[in-house]
Amino acid sequence: MIGVSIQNNGMIYASYDNGMIKLLGQIATASFANASGLEKQGDNLYSATLNSGEFDGIGVDVTANGGYMSTGQLEMSNVDLSTEFTEMIITQRGFQANSRIITVSDTLLEELTNLKR
């Protein structure tokens, strides 16, 4: 086997070095009576509640209701890079400001000591 590919319909195919392509399986999706009733557990993890209805344990073909999968895409639903960079810059600027305050305070105390002598 030299590669694996996933199609928009959720089919997973393996390609071999002899030119053969073989279907390995299909990605099934869960279907709930009320998807809005799912409870958010983490970044992109949801769990069933009484409001959403129970999962029957049988996956549904993603194309059954006209859906599809976007293959080759990077999901960034759990990290907002602009927010993270902004927080990092704010923290760095705060650290620099605190360092300058300590330096200025030290200089003032040194001058005060010199004036007393």
# chains A, B, ... in the order shown; residues from 1 in each chain; ligands from 1

call {"tool": "residues_around", "arguments": {"residues": "Lys22 (chain A)", "least_positions_apart": "4", "cutoff": "10 Å", "atoms": "only C-alpha atoms", "output": "ChimeraX atom specification"}}
result
/A:1,4,12-16

call {"tool": "residues_around", "arguments": {"residues": "region 59-72 of chain A", "least_positions_apart": "4", "cutoff": "8 Å", "atoms": "only C-alpha atoms", "output": "list in words"}}
result
Ile6, Gln7, Asn8, Asn9, Gly10, Ile27, Ala28, Thr29, Ala30 and Ser31 of chain A

call {"tool": "closest_residue", "arguments": {"among": "A:Glu54, A:Glu111, A:Asp106, A:Asp43", "to": "Asp80 (chain A)", "atoms": "only C-alpha atoms"}}
result
A:Asp43

call {"tool": "select_by_dssp", "arguments": {"residues": "region 3-92 of chain A", "states": "helix (DSSP H, G or I)", "output": "list in words"}}
result
Ala35, Ser36, Gly37, Leu81, Ser82, Thr83, Glu84, Phe85, Thr86, Glu87, Met88, Ile89, Ile90, Thr91 and Gln92 of chain A

call {"tool": "atom_distance", "arguments": {"atom1": "CA of Asn18 (chain A)", "atom2": "CA of Ser5 (chain A)"}}
result
16.3 Å

call {"tool": "atom_distance", "arguments": {"atom1": "CA of Leu50 (chain A)", "atom2": "CA of Leu38 (chain A)"}}
result
8.7 Å

call {"tool": "atom_distance", "arguments": {"atom1": "CA of Tyr46 (chain A)", "atom2": "CA of Ser82 (chain A)"}}
result
24.8 Å

call {"tool": "residues_around", "arguments": {"residues": "Asn34 (chain A)", "least_positions_apart": "2", "cutoff": "7 Å", "atoms": "only C-alpha atoms", "output": "ChimeraX atom specification"}}
result
/A:32,36-37,51-53

call {"tool": "write_last_selection", "arguments": {"atoms": "all heavy atoms", "output": "PDB file, in the first residue's frame"}}
result
ATOM      1  N   PHE A  32     -28.673  12.818  14.945  1.00  0.00           N
ATOM      2  CA  PHE A  32     -29.488  13.046  16.144  1.00  0.00           C
ATOM      3  C   PHE A  32     -30.775  13.744  15.739  1.00  0.00           C
ATOM      4  O   PHE A  32     -30.804  14.529  14.790  1.00  0.00           O
ATOM      5  CB  PHE A  32     -28.726  13.911  17.155  1.00  0.00           C
ATOM      6  CG  PHE A  32     -27.537  13.223  17.751  1.00  0.00           C
ATOM      7  CD1 PHE A  32     -26.280  13.348  17.170  1.00  0.00           C
ATOM      8  CD2 PHE A  32     -27.669  12.441  18.875  1.00  0.00           C
ATOM      9  CE1 PHE A  32     -25.187  12.703  17.708  1.00  0.00           C
ATOM     10  CE2 PHE A  32     -26.582  11.793  19.426  1.00  0.00           C
ATOM     11  CZ  PHE A  32     -25.339  11.929  18.841  1.00  0.00           C
ATOM     12  N   SER A  36     -28.973  20.495  17.727  1.00  0.00           N
ATOM     13  CA  SER A  36     -28.726  21.688  18.553  1.00  0.00           C
ATOM     14  C   SER A  36     -28.766  21.357  20.041  1.00  0.00           C
ATOM     15  O   SER A  36     -28.293  22.136  20.863  1.00  0.00           O
ATOM     16  CB  SER A  36     -29.765  22.762  18.255  1.00  0.00           C
ATOM     17  OG  SER A  36     -29.678  23.164  16.915  1.00  0.00           O
ATOM     18  N   GLY A  37     -29.308  20.219  20.397  1.00  0.00           N
ATOM     19  CA  GLY A  37     -29.410  19.824  21.787  1.00  0.00           C
ATOM     20  C   GLY A  37     -28.176  19.109  22.319  1.00  0.00           C
ATOM     21  O   GLY A  37     -28.136  18.729  23.483  1.00  0.00           O
ATOM     22  N   ASN A  51     -32.158  16.193  25.433  1.00  0.00           N
ATOM     23  CA  ASN A  51     -32.704  17.130  24.452  1.00  0.00           C
ATOM     24  C   ASN A  51     -32.318  16.763  23.022  1.00  0.00           C
ATOM     25  O   ASN A  51     -33.087  16.974  22.091  1.00  0.00           O
ATOM     26  CB  ASN A  51     -32.238  18.548  24.787  1.00  0.00           C
ATOM     27  CG  ASN A  51     -32.968  19.605  23.998  1.00  0.00           C
ATOM     28  OD1 ASN A  51     -34.036  19.367  23.454  1.00  0.00           O
ATOM     29  ND2 ASN A  51     -32.388  20.775  23.944  1.00  0.00           N
ATOM     30  N   SER A  52     -31.113  16.211  22.841  1.00  0.00           N
ATOM     31  CA  SER A  52     -30.664  15.886  21.482  1.00  0.00           C
ATOM     32  C   SER A  52     -31.199  14.552  20.990  1.00  0.00           C
ATOM     33  O   SER A  52     -31.267  14.309  19.793  1.00  0.00           O
ATOM     34  CB  SER A  52     -29.133  15.845  21.441  1.00  0.00           C
ATOM     35  OG  SER A  52     -28.649  14.750  22.184  1.00  0.00           O
ATOM     36  N   GLY A  53     -31.547  13.682  21.916  1.00  0.00           N
ATOM     37  CA  GLY A  53     -31.932  12.328  21.535  1.00  0.00           C
ATOM     38  C   GLY A  53     -30.725  11.425  21.615  1.00  0.00           C
ATOM     39  O   GLY A  53     -29.588  11.881  21.659  1.00  0.00           O
TER      40      GLY A  53
END

call {"tool": "decode", "arguments": {"residues": "region 25-41 of chain A", "atoms": "N, CA, C and O atoms", "output": "mmCIF file, in the first residue's frame"}}
result
data_model
loop_
_atom_site.group_PDB
_atom_site.id
_atom_site.type_symbol
_atom_site.label_atom_id
_atom_site.label_comp_id
_atom_site.auth_asym_id
_atom_site.auth_seq_id
_atom_site.Cartn_x
_atom_site.Cartn_y
_atom_site.Cartn_z
ATOM 1 N N GLY A 25 -13.228 1.112 3.420
ATOM 2 C CA GLY A 25 -14.395 1.314 4.268
ATOM 3 C C GLY A 25 -15.024 2.664 3.992
ATOM 4 O O GLY A 25 -14.691 3.340 3.025
ATOM 5 N N GLN A 26 -15.949 3.043 4.840
ATOM 6 C CA GLN A 26 -16.637 4.318 4.693
ATOM 7 C C GLN A 26 -16.789 4.958 6.063
ATOM 8 O O GLN A 26 -17.075 4.277 7.059
ATOM 9 N N ILE A 27 -16.599 6.260 6.123
ATOM 10 C CA ILE A 27 -16.775 7.001 7.367
ATOM 11 C C ILE A 27 -18.267 7.231 7.560
ATOM 12 O O ILE A 27 -18.943 7.763 6.689
ATOM 13 N N ALA A 28 -18.760 6.808 8.701
ATOM 14 C CA ALA A 28 -20.172 6.999 9.019
ATOM 15 C C ALA A 28 -20.304 8.179 9.973
ATOM 16 O O ALA A 28 -19.417 8.452 10.771
ATOM 17 N N THR A 29 -21.400 8.880 9.878
ATOM 18 C CA THR A 29 -21.651 10.013 10.770
ATOM 19 C C THR A 29 -22.842 9.694 11.661
ATOM 20 O O THR A 29 -23.722 8.927 11.302
ATOM 21 N N ALA A 30 -22.849 10.315 12.824
ATOM 22 C CA ALA A 30 -23.956 10.127 13.761
ATOM 23 C C ALA A 30 -25.066 11.108 13.427
ATOM 24 O O ALA A 30 -24.808 12.245 13.039
ATOM 25 N N SER A 31 -26.276 10.669 13.579
ATOM 26 C CA SER A 31 -27.437 11.517 13.321
ATOM 27 C C SER A 31 -28.277 11.599 14.587
ATOM 28 O O SER A 31 -28.544 10.585 15.231
ATOM 29 N N PHE A 32 -28.673 12.818 14.945
ATOM 30 C CA PHE A 32 -29.488 13.046 16.144
ATOM 31 C C PHE A 32 -30.775 13.744 15.739
ATOM 32 O O PHE A 32 -30.804 14.529 14.790
ATOM 33 N N ALA A 33 -31.821 13.498 16.482
ATOM 34 C CA ALA A 33 -33.112 14.121 16.208
ATOM 35 C C ALA A 33 -33.013 15.645 16.358
ATOM 36 O O ALA A 33 -33.607 16.389 15.591
ATOM 37 N N ASN A 34 -32.242 16.126 17.333
ATOM 38 C CA ASN A 34 -32.066 17.556 17.565
ATOM 39 C C ASN A 34 -30.578 17.814 17.778
ATOM 40 O O ASN A 34 -30.080 17.758 18.905
ATOM 41 N N ALA A 35 -29.856 18.097 16.705
ATOM 42 C CA ALA A 35 -28.406 18.310 16.798
ATOM 43 C C ALA A 35 -28.072 19.531 17.647
ATOM 44 O O ALA A 35 -27.001 19.596 18.249
ATOM 45 N N SER A 36 -28.973 20.495 17.727
ATOM 46 C CA SER A 36 -28.726 21.688 18.553
ATOM 47 C C SER A 36 -28.766 21.357 20.041
ATOM 48 O O SER A 36 -28.293 22.136 20.863
ATOM 49 N N GLY A 37 -29.308 20.219 20.397
ATOM 50 C CA GLY A 37 -29.410 19.824 21.787
ATOM 51 C C GLY A 37 -28.176 19.109 22.319
ATOM 52 O O GLY A 37 -28.136 18.729 23.483
ATOM 53 N N LEU A 38 -27.155 18.914 21.474
ATOM 54 C CA LEU A 38 -25.923 18.273 21.931
ATOM 55 C C LEU A 38 -25.214 19.173 22.938
ATOM 56 O O LEU A 38 -25.262 20.398 22.838
ATOM 57 N N GLU A 39 -24.550 18.563 23.901
ATOM 58 C CA GLU A 39 -23.837 19.318 24.939
ATOM 59 C C GLU A 39 -22.362 19.394 24.580
ATOM 60 O O GLU A 39 -21.722 18.373 24.320
ATOM 61 N N LYS A 40 -21.808 20.621 24.564
ATOM 62 C CA LYS A 40 -20.401 20.809 24.224
ATOM 63 C C LYS A 40 -19.539 20.395 25.408
ATOM 64 O O LYS A 40 -19.670 20.911 26.500
ATOM 65 N N GLN A 41 -18.636 19.434 25.178
ATOM 66 C CA GLN A 41 -17.751 18.930 26.222
ATOM 67 C C GLN A 41 -16.375 19.576 26.167
ATOM 68 O O GLN A 41 -15.724 19.725 27.180
#
